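Engineer: The structure's right below; bear with me while I get my questions together.
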Amino acid sequence: MNRVNSTGSFLYFDGDDVGAGIELMLLEGDLAGAADLSVRISEAVSLLASSLELEMAAEVVFAAGDEVLARTSLPIIAEDIERLREQFRTRSGLTISCGVAESAGEATRHLHLAKLRGKNRTEVVTIG
């Protein structure tokens with residue numbers, strides 16, 4: 001068990017290349033494909049938000065588009081985050097990145113680092 005953080009944390013998830021995928025389908029005239037992808041993403045985001053609430057006792061700040069921001073006071077376990085990311089991939093067919101930190105601003109910063117470092121990963125502020 002790899003404990004990431006022992007204090008309250010924000011987890012900020014964002015789907016990888018979602019807009020580009022939908023835009024490509026639209027440019028190629030694949031309206032049905034774009035609509036299907038949109039539904040799969042909505043379902044995956046809804047499942048992610050529910051899983052955060054039920055399994056991590058998290059308060060979902062927002063869940064919209066391909067993003068979820070949540071706050072929890074429970075310890076964050078790396079394996080739990082990876083399992084949630086895999087659930088998203090299975091449901092949507094796309095990967096998702098995550099930033100974890102003690103503030104929403106730092107979680108946003110770490111989400112951007114995850115994107116810049118190749119996507120499909122989690123970046124965490126490691127505490128003590």
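In the structure tokens, the first chain shown is A, the next is B, and so on; residue numbers restart at 1 for each chain, and ligands run from 1 in the order shown.
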Considering only C-alpha atoms, return as a PDB file with N, CA, C and O atoms, in the first residue's frame whatever protein or nucleic-acid residues lie within 12 Å of Glu82 in chain A, sequence-local ones (same chain, fewer than 4 positions apart) excluded.
Structural biologist:
ATOM      1  N   ASN A   2       0.739   2.065  -0.979  1.00  0.00           N
ATOM      2  CA  ASN A   2       1.559   3.259  -1.120  1.00  0.00           C
ATOM      3  C   ASN A   2       0.732   4.478  -0.732  1.00  0.00           C
ATOM      4  O   ASN A   2      -0.041   4.998  -1.519  1.00  0.00           O
ATOM      5  N   VAL A   4      -0.076   8.163  -0.250  1.00  0.00           N
ATOM      6  CA  VAL A   4       0.366   9.377  -0.918  1.00  0.00           C
ATOM      7  C   VAL A   4       0.314  10.562   0.025  1.00  0.00           C
ATOM      8  O   VAL A   4       1.220  11.363   0.092  1.00  0.00           O
ATOM      9  N   PHE A  13      -9.080  15.513 -11.541  1.00  0.00           N
ATOM     10  CA  PHE A  13      -8.982  14.619 -12.687  1.00  0.00           C
ATOM     11  C   PHE A  13      -9.409  15.357 -13.957  1.00  0.00           C
ATOM     12  O   PHE A  13     -10.356  16.143 -13.927  1.00  0.00           O
ATOM     13  N   LEU A  48     -16.834   8.098 -11.904  1.00  0.00           N
ATOM     14  CA  LEU A  48     -15.681   8.578 -11.150  1.00  0.00           C
ATOM     15  C   LEU A  48     -16.138   9.394  -9.941  1.00  0.00           C
ATOM     16  O   LEU A  48     -15.669   9.187  -8.813  1.00  0.00           O
ATOM     17  N   ILE A  76      -4.883   9.316   1.135  1.00  0.00           N
ATOM     18  CA  ILE A  76      -4.924   8.959  -0.284  1.00  0.00           C
ATOM     19  C   ILE A  76      -3.951   7.814  -0.520  1.00  0.00           C
ATOM     20  O   ILE A  76      -2.780   7.907  -0.182  1.00  0.00           O
ATOM     21  N   ILE A  77      -4.458   6.755  -1.125  1.00  0.00           N
ATOM     22  CA  ILE A  77      -3.647   5.583  -1.457  1.00  0.00           C
ATOM     23  C   ILE A  77      -3.449   5.583  -2.973  1.00  0.00           C
ATOM     24  O   ILE A  77      -4.412   5.648  -3.739  1.00  0.00           O
ATOM     25  N   ALA A  78      -2.204   5.523  -3.417  1.00  0.00           N
ATOM     26  CA  ALA A  78      -1.888   5.592  -4.851  1.00  0.00           C
ATOM     27  C   ALA A  78      -2.664   4.550  -5.655  1.00  0.00           C
ATOM     28  O   ALA A  78      -3.162   4.836  -6.745  1.00  0.00           O
ATOM     29  N   GLU A  86      -8.258   3.711 -14.070  1.00  0.00           N
ATOM     30  CA  GLU A  86      -8.518   2.557 -14.942  1.00  0.00           C
ATOM     31  C   GLU A  86     -10.014   2.388 -15.192  1.00  0.00           C
ATOM     32  O   GLU A  86     -10.423   2.059 -16.307  1.00  0.00           O
ATOM     33  N   GLN A  87     -10.824   2.642 -14.179  1.00  0.00           N
ATOM     34  CA  GLN A  87     -12.281   2.597 -14.356  1.00  0.00           C
ATOM     35  C   GLN A  87     -12.716   3.593 -15.423  1.00  0.00           C
ATOM     36  O   GLN A  87     -13.558   3.285 -16.270  1.00  0.00           O
ATOM     37  N   PHE A  88     -12.140   4.796 -15.373  1.00  0.00           N
ATOM     38  CA  PHE A  88     -12.468   5.818 -16.367  1.00  0.00           C
ATOM     39  C   PHE A  88     -12.092   5.333 -17.762  1.00  0.00           C
ATOM     40  O   PHE A  88     -12.874   5.461 -18.712  1.00  0.00           O
ATOM     41  N   ARG A  89     -10.890   4.770 -17.901  1.00  0.00           N
ATOM     42  CA  ARG A  89     -10.429   4.288 -19.202  1.00  0.00           C
ATOM     43  C   ARG A  89     -11.326   3.176 -19.731  1.00  0.00           C
ATOM     44  O   ARG A  89     -11.705   3.161 -20.899  1.00  0.00           O
ATOM     45  N   THR A  95      -7.886   7.865 -21.630  1.00  0.00           N
ATOM     46  CA  THR A  95      -7.146   7.963 -20.376  1.00  0.00           C
ATOM     47  C   THR A  95      -7.506   9.259 -19.653  1.00  0.00           C
ATOM     48  O   THR A  95      -8.130  10.155 -20.228  1.00  0.00           O
ATOM     49  N   ILE A  96      -7.058   9.330 -18.390  1.00  0.00           N
ATOM     50  CA  ILE A  96      -7.317  10.507 -17.569  1.00  0.00           C
ATOM     51  C   ILE A  96      -6.090  10.768 -16.709  1.00  0.00           C
ATOM     52  O   ILE A  96      -5.397   9.844 -16.298  1.00  0.00           O
ATOM     53  N   SER A  97      -5.812  12.036 -16.488  1.00  0.00           N
ATOM     54  CA  SER A  97      -4.702  12.441 -15.626  1.00  0.00           C
ATOM     55  C   SER A  97      -5.264  12.993 -14.328  1.00  0.00           C
ATOM     56  O   SER A  97      -6.423  13.397 -14.264  1.00  0.00           O
ATOM     57  N   CYS A  98      -4.404  13.027 -13.288  1.00  0.00           N
ATOM     58  CA  CYS A  98      -4.854  13.484 -11.977  1.00  0.00           C
ATOM     59  C   CYS A  98      -3.753  14.253 -11.270  1.00  0.00           C
ATOM     60  O   CYS A  98      -2.583  13.881 -11.342  1.00  0.00           O
ATOM     61  N   GLY A  99      -4.148  15.317 -10.582  1.00  0.00           N
ATOM     62  CA  GLY A  99      -3.257  16.055  -9.701  1.00  0.00           C
ATOM     63  C   GLY A  99      -3.803  15.973  -8.289  1.00  0.00           C
ATOM     64  O   GLY A  99      -5.007  16.110  -8.075  1.00  0.00           O
ATOM     65  N   ASN A 120      -1.997  10.595 -18.905  1.00  0.00           N
ATOM     66  CA  ASN A 120      -2.271   9.244 -18.409  1.00  0.00           C
ATOM     67  C   ASN A 120      -1.441   8.929 -17.169  1.00  0.00           C
ATOM     68  O   ASN A 120      -0.834   7.873 -17.055  1.00  0.00           O
ATOM     69  N   ARG A 121      -1.424   9.875 -16.221  1.00  0.00           N
ATOM     70  CA  ARG A 121      -0.613   9.698 -15.024  1.00  0.00           C
ATOM     71  C   ARG A 121      -1.179  10.550 -13.892  1.00  0.00           C
ATOM     72  O   ARG A 121      -2.034  11.387 -14.106  1.00  0.00           O
ATOM     73  N   THR A 122      -0.627  10.330 -12.714  1.00  0.00           N
ATOM     74  CA  THR A 122      -0.989  11.107 -11.521  1.00  0.00           C
ATOM     75  C   THR A 122       0.252  11.794 -11.004  1.00  0.00           C
ATOM     76  O   THR A 122       1.307  11.172 -10.899  1.00  0.00           O
ATOM     77  N   GLU A 123       0.119  13.071 -10.701  1.00  0.00           N
ATOM     78  CA  GLU A 123       1.197  13.846 -10.071  1.00  0.00           C
ATOM     79  C   GLU A 123       0.705  14.262  -8.690  1.00  0.00           C
ATOM     80  O   GLU A 123      -0.410  14.766  -8.545  1.00  0.00           O
TER      81      GLU A 123
END
Engineer: For Ala34 in chain A, list every protein, DNA or RNA residue within 7 Å, evaluated using only C-alpha atoms, and leave out those in the same chain fewer than 4 positions away; present the list as a PyMOL selection string.
Structural biologist: chain A and resi 22+25-26+30+38
Engineer: One decimal, Å: what's the distance from CA of Ala44 in chain A over to CA of Gly29 in chain A, could you say?
Structural biologist: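 Interatomic distance here is 24.2 Å.
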Engineer: Using only C-alpha atoms, pick whichever of A:Leu74, A:Val60, A:Leu11, A:Leu24 has the shortest atom-to-atom distance to Ala107 in chain A.
Structural biologist: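 The closest residue to Ala107 in chain A is A:Leu11.
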Engineer: If we count only C-alpha atoms, what is near Ser103 in chain A at a cut-off of 8 Å, once residues fewer than 2 positions away on the same chain are taken out, given as a PyMOL selection string?
Structural biologist: chain A and resi 9-10+101+105-107
Engineer: Store the residues of this selection in a file with N, CA and C atoms, as a PDB file, in the first residue's frame.
Structural biologist:
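Dumped everything to result23.pdb:
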ATOM      1  N   SER A   9      -6.940  16.257   1.211  1.00  0.00           N
ATOM      2  CA  SER A   9      -6.408  16.426  -0.144  1.00  0.00           C
ATOM      3  C   SER A   9      -7.493  16.785  -1.139  1.00  0.00           C
ATOM      4  N   PHE A  10      -7.065  17.481  -2.181  1.00  0.00           N
ATOM      5  CA  PHE A  10      -7.887  17.694  -3.365  1.00  0.00           C
ATOM      6  C   PHE A  10      -7.367  16.770  -4.454  1.00  0.00           C
ATOM      7  N   ALA A 101      -3.137  17.294  -4.206  1.00  0.00           N
ATOM      8  CA  ALA A 101      -2.418  18.203  -3.315  1.00  0.00           C
ATOM      9  C   ALA A 101      -3.344  18.652  -2.189  1.00  0.00           C
ATOM     10  N   GLY A 105      -5.650  24.800  -5.752  1.00  0.00           N
ATOM     11  CA  GLY A 105      -4.668  25.422  -6.643  1.00  0.00           C
ATOM     12  C   GLY A 105      -3.477  24.525  -6.909  1.00  0.00           C
ATOM     13  N   GLU A 106      -2.953  23.888  -5.852  1.00  0.00           N
ATOM     14  CA  GLU A 106      -1.820  22.985  -6.029  1.00  0.00           C
ATOM     15  C   GLU A 106      -2.236  21.716  -6.781  1.00  0.00           C
ATOM     16  N   ALA A 107      -3.451  21.240  -6.566  1.00  0.00           N
ATOM     17  CA  ALA A 107      -3.934  20.078  -7.324  1.00  0.00           C
ATOM     18  C   ALA A 107      -4.023  20.421  -8.809  1.00  0.00           C
TER      19      ALA A 107
END
